[in-house]
file upload36.cif (mmCIF, C-alpha atoms, pLDDT in the B column; chains and numbers go by the auth columns)
data_structure
#
loop_
_atom_site.group_PDB
_atom_site.id
_atom_site.type_symbol
_atom_site.label_atom_id
_atom_site.label_comp_id
_atom_site.label_asym_id
_atom_site.label_seq_id
_atom_site.Cartn_x
_atom_site.Cartn_y
_atom_site.Cartn_z
_atom_site.B_iso_or_equiv
_atom_site.auth_seq_id
_atom_site.auth_asym_id
ATOM 1 C CA MET A 1 -17.197 3.770 -1.039 41.00 1 L
ATOM 2 C CA TYR A 2 -18.583 5.314 -4.182 40.00 2 L
ATOM 3 C CA LYS A 3 -22.055 6.708 -4.277 43.00 3 L
ATOM 4 C CA GLN A 4 -23.961 5.269 -7.135 45.00 4 L
ATOM 5 C CA HIS A 5 -26.048 7.641 -9.231 41.00 5 L
ATOM 6 C CA LYS A 6 -28.896 6.383 -11.280 46.00 6 L
ATOM 7 C CA ILE A 7 -28.837 7.773 -14.759 45.00 7 L
ATOM 8 C CA ASN A 8 -32.067 7.770 -16.678 46.00 8 L
ATOM 9 C CA LEU A 9 -31.073 7.247 -20.284 48.00 9 L
ATOM 10 C CA PHE A 10 -34.577 8.107 -21.418 52.00 10 L
ATOM 11 C CA PHE A 11 -34.636 11.496 -19.717 55.00 11 L
ATOM 12 C CA SER A 12 -34.446 14.366 -22.140 61.00 12 L
ATOM 13 C CA PRO A 13 -34.480 17.865 -20.649 76.00 13 L
ATOM 14 C CA LYS A 14 -37.097 20.297 -21.836 87.00 14 L
ATOM 15 C CA ILE A 15 -35.767 23.249 -23.761 87.00 15 L
ATOM 16 C CA SER A 16 -36.795 25.551 -20.900 86.00 16 L
ATOM 17 C CA ASP A 17 -34.509 23.591 -18.528 89.00 17 L
ATOM 18 C CA TYR A 18 -31.339 24.775 -20.258 91.00 18 L
ATOM 19 C CA SER A 19 -29.326 27.732 -18.988 92.00 19 L
ATOM 20 C CA ASP A 20 -28.718 30.771 -21.207 93.00 20 L
ATOM 21 C CA ASN A 21 -25.195 29.593 -22.032 91.00 21 L
ATOM 22 C CA GLU A 22 -26.393 26.077 -22.846 92.00 22 L
ATOM 23 C CA LEU A 23 -29.071 27.447 -25.184 93.00 23 L
ATOM 24 C CA LEU A 24 -26.506 29.710 -26.838 93.00 24 L
ATOM 25 C CA ASP A 25 -24.098 26.804 -27.343 92.00 25 L
ATOM 26 C CA LEU A 26 -26.844 24.519 -28.651 93.00 26 L
ATOM 27 C CA PHE A 27 -28.036 27.162 -31.095 93.00 27 L
ATOM 28 C CA ARG A 28 -24.500 27.754 -32.366 92.00 28 L
ATOM 29 C CA GLN A 29 -23.882 24.016 -32.761 93.00 29 L
ATOM 30 C CA THR A 30 -27.191 23.025 -34.353 93.00 30 L
ATOM 31 C CA ASN A 31 -28.574 26.271 -35.824 91.00 31 L
ATOM 32 C CA LYS A 32 -32.024 25.175 -34.573 92.00 32 L
ATOM 33 C CA SER A 33 -34.109 28.285 -34.081 90.00 33 L
ATOM 34 C CA ASP A 34 -36.016 26.720 -31.146 91.00 34 L
ATOM 35 C CA TYR A 35 -32.960 27.229 -28.938 92.00 35 L
ATOM 36 C CA PHE A 36 -32.600 30.871 -29.893 92.00 36 L
ATOM 37 C CA THR A 37 -36.347 31.508 -29.613 92.00 37 L
ATOM 38 C CA GLU A 38 -36.324 30.192 -26.031 93.00 38 L
ATOM 39 C CA LEU A 39 -33.291 32.300 -25.161 92.00 39 L
ATOM 40 C CA TYR A 40 -34.714 35.479 -26.694 91.00 40 L
ATOM 41 C CA SER A 41 -38.170 34.896 -25.179 91.00 41 L
ATOM 42 C CA ARG A 42 -36.707 34.854 -21.672 91.00 42 L
ATOM 43 C CA TYR A 43 -35.637 38.451 -22.070 90.00 43 L
ATOM 44 C CA ILE A 44 -38.575 39.947 -23.984 90.00 44 L
ATOM 45 C CA PRO A 45 -39.819 41.791 -20.863 90.00 45 L
ATOM 46 C CA LEU A 46 -36.331 43.248 -20.289 88.00 46 L
ATOM 47 C CA THR A 47 -35.952 44.129 -23.980 89.00 47 L
ATOM 48 C CA TYR A 48 -39.403 45.683 -24.177 89.00 48 L
ATOM 49 C CA GLY A 49 -38.895 47.664 -20.957 87.00 49 L
ATOM 50 C CA LEU A 50 -35.564 49.010 -22.150 86.00 50 L
ATOM 51 C CA CYS A 51 -36.998 49.954 -25.555 89.00 51 L
ATOM 52 C CA LEU A 52 -39.968 51.644 -23.897 87.00 52 L
ATOM 53 C CA ASN A 53 -37.627 53.587 -21.624 86.00 53 L
ATOM 54 C CA TYR A 54 -35.739 54.964 -24.632 83.00 54 L
ATOM 55 C CA LEU A 55 -38.429 55.261 -27.282 86.00 55 L
ATOM 56 C CA LYS A 56 -41.354 56.289 -25.013 81.00 56 L
ATOM 57 C CA THR A 57 -44.148 54.788 -27.139 86.00 57 L
ATOM 58 C CA GLU A 58 -45.505 51.260 -26.716 88.00 58 L
ATOM 59 C CA ALA A 59 -46.001 50.712 -30.446 88.00 59 L
ATOM 60 C CA GLU A 60 -42.450 51.682 -31.320 89.00 60 L
ATOM 61 C CA ALA A 61 -41.016 49.634 -28.453 88.00 61 L
ATOM 62 C CA GLN A 62 -42.970 46.576 -29.634 90.00 62 L
ATOM 63 C CA ASP A 63 -41.754 47.082 -33.198 90.00 63 L
ATOM 64 C CA VAL A 64 -38.139 47.278 -32.073 91.00 64 L
ATOM 65 C CA VAL A 65 -38.474 44.102 -29.966 90.00 65 L
ATOM 66 C CA MET A 66 -39.616 42.293 -33.122 91.00 66 L
ATOM 67 C CA GLU A 67 -36.915 43.939 -35.302 89.00 67 L
ATOM 68 C CA LEU A 68 -34.217 42.898 -32.877 91.00 68 L
ATOM 69 C CA PHE A 69 -35.198 39.210 -32.901 90.00 69 L
ATOM 70 C CA GLU A 70 -33.748 38.590 -36.351 86.00 70 L
ATOM 71 C CA ASP A 71 -30.808 40.948 -35.892 88.00 71 L
ATOM 72 C CA ILE A 72 -29.731 39.376 -32.605 91.00 72 L
ATOM 73 C CA GLN A 73 -30.216 35.856 -33.946 90.00 73 L
ATOM 74 C CA GLN A 74 -27.516 36.601 -36.526 88.00 74 L
ATOM 75 C CA LYS A 75 -25.224 38.406 -34.072 89.00 75 L
ATOM 76 C CA VAL A 76 -25.099 35.711 -31.372 90.00 76 L
ATOM 77 C CA VAL A 77 -23.218 33.485 -33.785 87.00 77 L
ATOM 78 C CA GLN A 78 -20.636 36.185 -34.573 86.00 78 L
ATOM 79 C CA TYR A 79 -19.714 37.433 -31.092 84.00 79 L
ATOM 80 C CA GLU A 80 -17.968 36.003 -28.076 85.00 80 L
ATOM 81 C CA ILE A 81 -20.674 36.333 -25.426 87.00 81 L
ATOM 82 C CA LYS A 82 -19.837 35.647 -21.796 86.00 82 L
ATOM 83 C CA THR A 83 -23.122 36.759 -20.244 86.00 83 L
ATOM 84 C CA TYR A 84 -26.041 36.833 -22.667 89.00 84 L
ATOM 85 C CA ARG A 85 -28.178 39.157 -20.537 87.00 85 L
ATOM 86 C CA THR A 86 -25.444 41.830 -20.320 86.00 86 L
ATOM 87 C CA TRP A 87 -24.623 41.522 -24.007 88.00 87 L
ATOM 88 C CA LEU A 88 -28.306 41.735 -24.969 90.00 88 L
ATOM 89 C CA TYR A 89 -28.783 44.838 -22.814 87.00 89 L
ATOM 90 C CA SER A 90 -25.907 46.565 -24.620 86.00 90 L
ATOM 91 C CA VAL A 91 -27.170 45.610 -28.090 89.00 91 L
ATOM 92 C CA VAL A 92 -30.742 46.747 -27.325 90.00 92 L
ATOM 93 C CA LYS A 93 -29.563 50.040 -25.799 88.00 93 L
ATOM 94 C CA ASN A 94 -27.339 50.822 -28.799 87.00 94 L
ATOM 95 C CA HIS A 95 -30.120 49.917 -31.227 89.00 95 L
ATOM 96 C CA CYS A 96 -32.556 52.276 -29.464 89.00 96 L
ATOM 97 C CA ILE A 97 -30.043 55.121 -29.413 86.00 97 L
ATOM 98 C CA LYS A 98 -29.363 54.592 -33.107 86.00 98 L
ATOM 99 C CA LYS A 99 -33.103 54.618 -33.806 86.00 99 L
ATOM 100 C CA LEU A 100 -33.522 57.853 -31.858 85.00 100 L
ATOM 101 C CA ARG A 101 -30.729 59.457 -33.832 83.00 101 L
ATOM 102 C CA ALA A 102 -32.212 58.279 -37.113 79.00 102 L
ATOM 103 C CA ASN A 103 -35.709 59.458 -36.214 75.00 103 L
ATOM 104 C CA ASN A 104 -34.414 62.687 -34.727 64.00 104 L
ATOM 105 C CA GLN A 105 -36.983 62.285 -31.934 44.00 105 L
ATOM 106 C CA THR A 106 -35.342 64.372 -29.262 45.00 106 L
ATOM 107 C CA ASN A 107 -35.356 67.963 -28.144 42.00 107 L
ATOM 108 C CA ASN A 108 -33.974 70.269 -30.827 40.00 108 L
ATOM 109 C CA GLY A 109 -32.827 67.298 -32.879 40.00 109 L
ATOM 110 C CA ARG A 110 -30.250 66.212 -30.279 40.00 110 L
ATOM 111 C CA ILE A 111 -30.144 63.069 -28.196 42.00 111 L
ATOM 112 C CA HIS A 112 -30.995 63.728 -24.558 42.00 112 L
ATOM 113 C CA GLN A 113 -27.883 63.619 -22.367 38.00 113 L
ATOM 114 C CA GLN A 114 -28.863 60.431 -20.550 37.00 114 L
ATOM 115 C CA PHE A 115 -28.555 58.554 -23.853 42.00 115 L
ATOM 116 C CA MET A 116 -25.184 59.946 -24.770 45.00 116 L
ATOM 117 C CA GLU A 117 -21.993 58.178 -23.873 47.00 117 L
ATOM 118 C CA PHE A 118 -20.238 61.506 -23.671 44.00 118 L
ATOM 119 C CA ALA A 119 -22.788 63.721 -21.903 41.00 119 L
ATOM 120 C CA ASP A 120 -20.058 65.513 -19.944 40.00 120 L
ATOM 121 C CA PHE A 121 -17.879 65.946 -23.002 44.00 121 L
ATOM 122 C CA PRO A 122 -18.206 68.723 -25.614 42.00 122 L
ATOM 123 C CA ALA A 123 -19.042 67.639 -29.150 45.00 123 L
ATOM 124 C CA LEU A 124 -15.920 66.297 -30.790 47.00 124 L
ATOM 125 C CA TYR A 125 -16.874 67.372 -34.222 43.00 125 L
ATOM 126 C CA ASN A 126 -18.869 70.489 -34.870 42.00 126 L
ATOM 127 C CA GLU A 127 -18.572 72.546 -38.028 41.00 127 L
ATOM 128 C CA ASP A 128 -19.100 75.728 -36.005 44.00 128 L
ATOM 129 C CA LYS A 129 -16.014 75.071 -33.875 47.00 129 L
ATOM 130 C CA LYS A 130 -13.175 77.527 -34.234 52.00 130 L
ATOM 131 C CA GLU A 131 -10.277 76.436 -36.408 58.00 131 L
ATOM 132 C CA ASP A 132 -7.938 76.501 -33.360 62.00 132 L
ATOM 133 C CA ASP A 133 -10.182 74.078 -31.479 66.00 133 L
ATOM 134 C CA LEU A 134 -10.284 71.707 -34.437 68.00 134 L
ATOM 135 C CA GLN A 135 -6.497 71.770 -34.737 77.00 135 L
ATOM 136 C CA LEU A 136 -6.142 71.074 -31.008 79.00 136 L
ATOM 137 C CA LEU A 137 -8.640 68.235 -31.306 78.00 137 L
ATOM 138 C CA GLN A 138 -6.669 66.719 -34.183 80.00 138 L
ATOM 139 C CA LYS A 139 -3.384 66.969 -32.221 84.00 139 L
ATOM 140 C CA CYS A 140 -4.961 65.341 -29.179 85.00 140 L
ATOM 141 C CA LEU A 141 -6.456 62.536 -31.298 84.00 141 L
ATOM 142 C CA GLU A 142 -2.981 61.817 -32.680 87.00 142 L
ATOM 143 C CA LYS A 143 -1.642 61.437 -29.119 90.00 143 L
ATOM 144 C CA LEU A 144 -4.161 58.735 -28.211 89.00 144 L
ATOM 145 C CA PRO A 145 -3.132 55.074 -28.406 92.00 145 L
ATOM 146 C CA GLU A 146 -4.301 53.686 -31.748 91.00 146 L
ATOM 147 C CA PRO A 147 -7.258 51.586 -30.478 89.00 147 L
ATOM 148 C CA GLN A 148 -8.591 54.566 -28.513 89.00 148 L
ATOM 149 C CA ALA A 149 -8.204 56.921 -31.480 88.00 149 L
ATOM 150 C CA ILE A 150 -9.946 54.509 -33.856 87.00 150 L
ATOM 151 C CA THR A 151 -12.917 53.792 -31.567 87.00 151 L
ATOM 152 C CA VAL A 152 -13.334 57.432 -30.502 84.00 152 L
ATOM 153 C CA LYS A 153 -13.416 58.593 -34.142 82.00 153 L
ATOM 154 C CA LEU A 154 -15.903 55.886 -35.119 81.00 154 L
ATOM 155 C CA PHE A 155 -18.171 56.512 -32.122 79.00 155 L
ATOM 156 C CA PHE A 156 -18.154 60.299 -31.968 73.00 156 L
ATOM 157 C CA MET A 157 -17.420 61.385 -35.529 70.00 157 L
ATOM 158 C CA SER A 158 -18.932 58.590 -37.582 69.00 158 L
ATOM 159 C CA ASP A 159 -21.857 58.049 -35.202 70.00 159 L
ATOM 160 C CA LYS A 160 -21.281 54.276 -35.054 77.00 160 L
ATOM 161 C CA SER A 161 -22.841 52.061 -32.362 80.00 161 L
ATOM 162 C CA TYR A 162 -20.762 49.705 -30.210 80.00 162 L
ATOM 163 C CA ALA A 163 -21.886 46.748 -32.318 82.00 163 L
ATOM 164 C CA GLU A 164 -20.880 48.504 -35.553 82.00 164 L
ATOM 165 C CA ILE A 165 -17.457 49.339 -34.095 86.00 165 L
ATOM 166 C CA VAL A 166 -17.010 45.693 -33.078 85.00 166 L
ATOM 167 C CA ASP A 167 -17.898 44.670 -36.657 83.00 167 L
ATOM 168 C CA THR A 168 -15.565 47.257 -38.182 83.00 168 L
ATOM 169 C CA THR A 169 -12.532 46.765 -35.942 84.00 169 L
ATOM 170 C CA GLY A 170 -12.766 43.187 -34.739 86.00 170 L
ATOM 171 C CA PHE A 171 -12.276 44.374 -31.131 88.00 171 L
ATOM 172 C CA HIS A 172 -14.330 42.685 -28.406 87.00 172 L
ATOM 173 C CA LEU A 173 -17.355 44.630 -27.153 85.00 173 L
ATOM 174 C CA LYS A 174 -15.819 45.064 -23.694 87.00 174 L
ATOM 175 C CA SER A 175 -12.606 46.444 -25.261 88.00 175 L
ATOM 176 C CA VAL A 176 -14.561 48.888 -27.433 87.00 176 L
ATOM 177 C CA LYS A 177 -16.342 50.292 -24.380 87.00 177 L
ATOM 178 C CA SER A 178 -13.067 50.595 -22.506 88.00 178 L
ATOM 179 C CA TYR A 179 -11.240 52.265 -25.424 89.00 179 L
ATOM 180 C CA ILE A 180 -14.032 54.818 -25.837 87.00 180 L
ATOM 181 C CA GLN A 181 -14.185 55.630 -22.111 87.00 181 L
ATOM 182 C CA ASN A 182 -10.402 55.951 -21.769 88.00 182 L
ATOM 183 C CA GLY A 183 -10.061 57.778 -25.079 87.00 183 L
ATOM 184 C CA LYS A 184 -12.769 60.251 -24.095 87.00 184 L
ATOM 185 C CA ARG A 185 -11.074 60.911 -20.766 87.00 185 L
ATOM 186 C CA ASN A 186 -7.589 61.273 -22.313 87.00 186 L
ATOM 187 C CA LEU A 187 -8.894 63.542 -25.055 84.00 187 L
ATOM 188 C CA LYS A 188 -10.644 65.776 -22.536 83.00 188 L
ATOM 189 C CA ILE A 189 -7.481 66.051 -20.409 86.00 189 L
ATOM 190 C CA CYS A 190 -5.395 66.868 -23.470 85.00 190 L
ATOM 191 C CA MET A 191 -7.828 69.503 -24.727 81.00 191 L
ATOM 192 C CA ASP A 192 -8.235 71.078 -21.267 80.00 192 L
ATOM 193 C CA ASN A 193 -4.445 71.432 -21.023 81.00 193 L
ATOM 194 C CA GLY A 194 -4.380 72.975 -24.494 68.00 194 L
#
call {"tool": "encode", "arguments": {"input": "upload36.cif", "output": "C-alpha cells"}}
result
Amino acid sequence: MYKQHKINLFFSPKISDYSDNELLDLFRQTNKSDYFTELYSRYIPLTYGLCLNYLKTEAEAQDVVMELFEDIQQKVVQYEIKTYRTWLYSVVKNHCIKKLRANNQTNNGRIHQQFMEFADFPALYNEDKKEDDLQLLQKCLEKLPEPQAITVKLFFMSDKSYAEIVDTTGFHLKSVKSYIQNGKRNLKICMDNG
C-alpha cells in the first residue's frame, strides 16, 4: 500500500525557509539579490564578530561587513562552495588580514602571530637575510612540487590572500590551503636540513 501525500500546489515557501545551499543555487540560477541578501544576512553576526576580533574597533568591523556584502555577492557565483558558512569564514578572515596588512595596524608594523598562517615559520623573504640563506631558500623552493611552490610564493612573497591565489591559479580553495600548509612544512624541513 502506498501512502498518499497531499501536495499543496498553492504553497510557496518563504525565502527564509530555504537552506543555505538552496539559497545559493537559487541566486546563481536567477541572479535575484533577495536570495543572496537572505543568505548573507544569516551570517552577519558571525561576520561582524570575526571582523571585530581581527580589527578591534566596532566602526571598522561594521564598515568591513558592509564592504564584504558586494564582494562576496560577486564571489559566490565564481567559486565551488560546498559549505557556505565555512567558505564565508575563510573569505572574511582573509579580508581582515589583508586590511590589517594594508593599514599596518599591528605592533611594529607586523601582523600579530595569531593572524599569520606561518607563525612558526621564519619569514621567507627578507632583504636582510644572508645571501646563503636566500640561495638555500631558492633551492628548497625548486624542490617543492609545482602547486606547492606556486602557492607558497604567492602567499608568502607576494602577500596574496587565499581568494586571490584561487583567482590567480584556478585551484580550489581547499587545495590552496593544503598546498600552502604542505609547502610550508616541506620548505621548513628542507631549510633545516640545509
call {"tool": "atom_distance", "arguments": {"input": "upload36.cif", "atom1": "atom CA of L:Ala163", "atom2": "atom CA of L:Ile180"}}
result
13.0 Å
call {"tool": "residues_around", "arguments": {"input": "upload36.cif", "residues": "L:Val76", "least_positions_apart": "3", "cutoff": "10 Å", "atoms": "all atoms listed in the file", "output": "ChimeraX atom specification"}}
result
/L:24-25,27-28,36,71-73,79-81,84,87-88
call {"tool": "closest_residue", "arguments": {"input": "upload36.cif", "among": "L:Lys188, L:His172, L:Lys56, L:Lys82", "to": "L:Asp20", "atoms": "all atoms listed in the file"}}
result
L:Lys82
call {"tool": "resolve_selection", "arguments": {"input": "upload36.cif", "expression": "the PyMOL selection byres ((chain L and resi 53) around 12)", "output": "PyMOL selection string"}}
result
chain L and resi 46-52+54-58+60-62+92-93+96-97+100+114-115
call {"tool": "write_last_selection", "arguments": {"input": "upload36.cif", "atoms": "C-alpha atoms", "output": "short mmCIF file (atom, residue, chain, number, x, y, z; two decimals), keeping the file's coordinate frame"}}
result
data_model
loop_
_atom_site.label_atom_id
_atom_site.label_comp_id
_atom_site.auth_asym_id
_atom_site.auth_seq_id
_atom_site.Cartn_x
_atom_site.Cartn_y
_atom_site.Cartn_z
CA LEU L 46 -36.33 43.25 -20.29
CA THR L 47 -35.95 44.13 -23.98
CA TYR L 48 -39.40 45.68 -24.18
CA GLY L 49 -38.90 47.66 -20.96
CA LEU L 50 -35.56 49.01 -22.15
CA CYS L 51 -37.00 49.95 -25.56
CA LEU L 52 -39.97 51.64 -23.90
CA TYR L 54 -35.74 54.96 -24.63
CA LEU L 55 -38.43 55.26 -27.28
CA LYS L 56 -41.35 56.29 -25.01
CA THR L 57 -44.15 54.79 -27.14
CA GLU L 58 -45.50 51.26 -26.72
CA GLU L 60 -42.45 51.68 -31.32
CA ALA L 61 -41.02 49.63 -28.45
CA GLN L 62 -42.97 46.58 -29.63
CA VAL L 92 -30.74 46.75 -27.32
CA LYS L 93 -29.56 50.04 -25.80
CA CYS L 96 -32.56 52.28 -29.46
CA ILE L 97 -30.04 55.12 -29.41
CA LEU L 100 -33.52 57.85 -31.86
CA GLN L 114 -28.86 60.43 -20.55
CA PHE L 115 -28.56 58.55 -23.85
#
call {"tool": "atom_distance", "arguments": {"input": "upload36.cif", "atom1": "atom CA of L:Leu136", "atom2": "atom CA of L:Gln148"}}
result
16.9 Å
call {"tool": "decode", "arguments": {"input": "upload36.cif", "residues": "stretch 178-192 of chain L", "atoms": "N, CA and C atoms", "output": "PDB file, in the first residue's frame"}}
result
ATOM      1  N   SER L 178      45.794  23.498   1.455  1.00  0.00           N
ATOM      2  CA  SER L 178      46.594  22.291   1.605  1.00  0.00           C
ATOM      3  C   SER L 178      47.995  22.477   1.015  1.00  0.00           C
ATOM      4  N   TYR L 179      48.076  23.061  -0.186  1.00  0.00           N
ATOM      5  CA  TYR L 179      49.381  23.295  -0.817  1.00  0.00           C
ATOM      6  C   TYR L 179      50.260  24.202   0.044  1.00  0.00           C
ATOM      7  N   ILE L 180      49.654  25.240   0.609  1.00  0.00           N
ATOM      8  CA  ILE L 180      50.435  26.174   1.439  1.00  0.00           C
ATOM      9  C   ILE L 180      50.930  25.474   2.701  1.00  0.00           C
ATOM     10  N   GLN L 181      50.045  24.739   3.372  1.00  0.00           N
ATOM     11  CA  GLN L 181      50.437  24.032   4.597  1.00  0.00           C
ATOM     12  C   GLN L 181      51.555  23.029   4.309  1.00  0.00           C
ATOM     13  N   ASN L 182      51.359  22.194   3.292  1.00  0.00           N
ATOM     14  CA  ASN L 182      52.360  21.176   2.963  1.00  0.00           C
ATOM     15  C   ASN L 182      53.644  21.801   2.446  1.00  0.00           C
ATOM     16  N   GLY L 183      53.503  22.848   1.632  1.00  0.00           N
ATOM     17  CA  GLY L 183      54.684  23.540   1.112  1.00  0.00           C
ATOM     18  C   GLY L 183      55.491  24.175   2.223  1.00  0.00           C
ATOM     19  N   LYS L 184      54.800  24.795   3.168  1.00  0.00           N
ATOM     20  CA  LYS L 184      55.465  25.422   4.316  1.00  0.00           C
ATOM     21  C   LYS L 184      56.250  24.373   5.100  1.00  0.00           C
ATOM     22  N   ARG L 185      55.584  23.242   5.367  1.00  0.00           N
ATOM     23  CA  ARG L 185      56.233  22.181   6.132  1.00  0.00           C
ATOM     24  C   ARG L 185      57.457  21.622   5.384  1.00  0.00           C
ATOM     25  N   ASN L 186      57.284  21.336   4.083  1.00  0.00           N
ATOM     26  CA  ASN L 186      58.383  20.787   3.286  1.00  0.00           C
ATOM     27  C   ASN L 186      59.546  21.771   3.157  1.00  0.00           C
ATOM     28  N   LEU L 187      59.225  23.027   3.029  1.00  0.00           N
ATOM     29  CA  LEU L 187      60.257  24.062   2.918  1.00  0.00           C
ATOM     30  C   LEU L 187      61.043  24.167   4.218  1.00  0.00           C
ATOM     31  N   LYS L 188      60.340  24.116   5.329  1.00  0.00           N
ATOM     32  CA  LYS L 188      60.995  24.194   6.636  1.00  0.00           C
ATOM     33  C   LYS L 188      61.933  23.014   6.840  1.00  0.00           C
ATOM     34  N   ILE L 189      61.456  21.812   6.491  1.00  0.00           N
ATOM     35  CA  ILE L 189      62.292  20.600   6.625  1.00  0.00           C
ATOM     36  C   ILE L 189      63.539  20.723   5.761  1.00  0.00           C
ATOM     37  N   CYS L 190      63.346  21.160   4.534  1.00  0.00           N
ATOM     38  CA  CYS L 190      64.473  21.309   3.603  1.00  0.00           C
ATOM     39  C   CYS L 190      65.485  22.328   4.127  1.00  0.00           C
ATOM     40  N   MET L 191      64.997  23.458   4.609  1.00  0.00           N
ATOM     41  CA  MET L 191      65.905  24.504   5.082  1.00  0.00           C
ATOM     42  C   MET L 191      66.598  24.106   6.395  1.00  0.00           C
ATOM     43  N   ASP L 192      65.884  23.374   7.243  1.00  0.00           N
ATOM     44  CA  ASP L 192      66.506  22.900   8.500  1.00  0.00           C
ATOM     45  C   ASP L 192      67.620  21.905   8.221  1.00  0.00           C
TER      46      ASP L 192
END
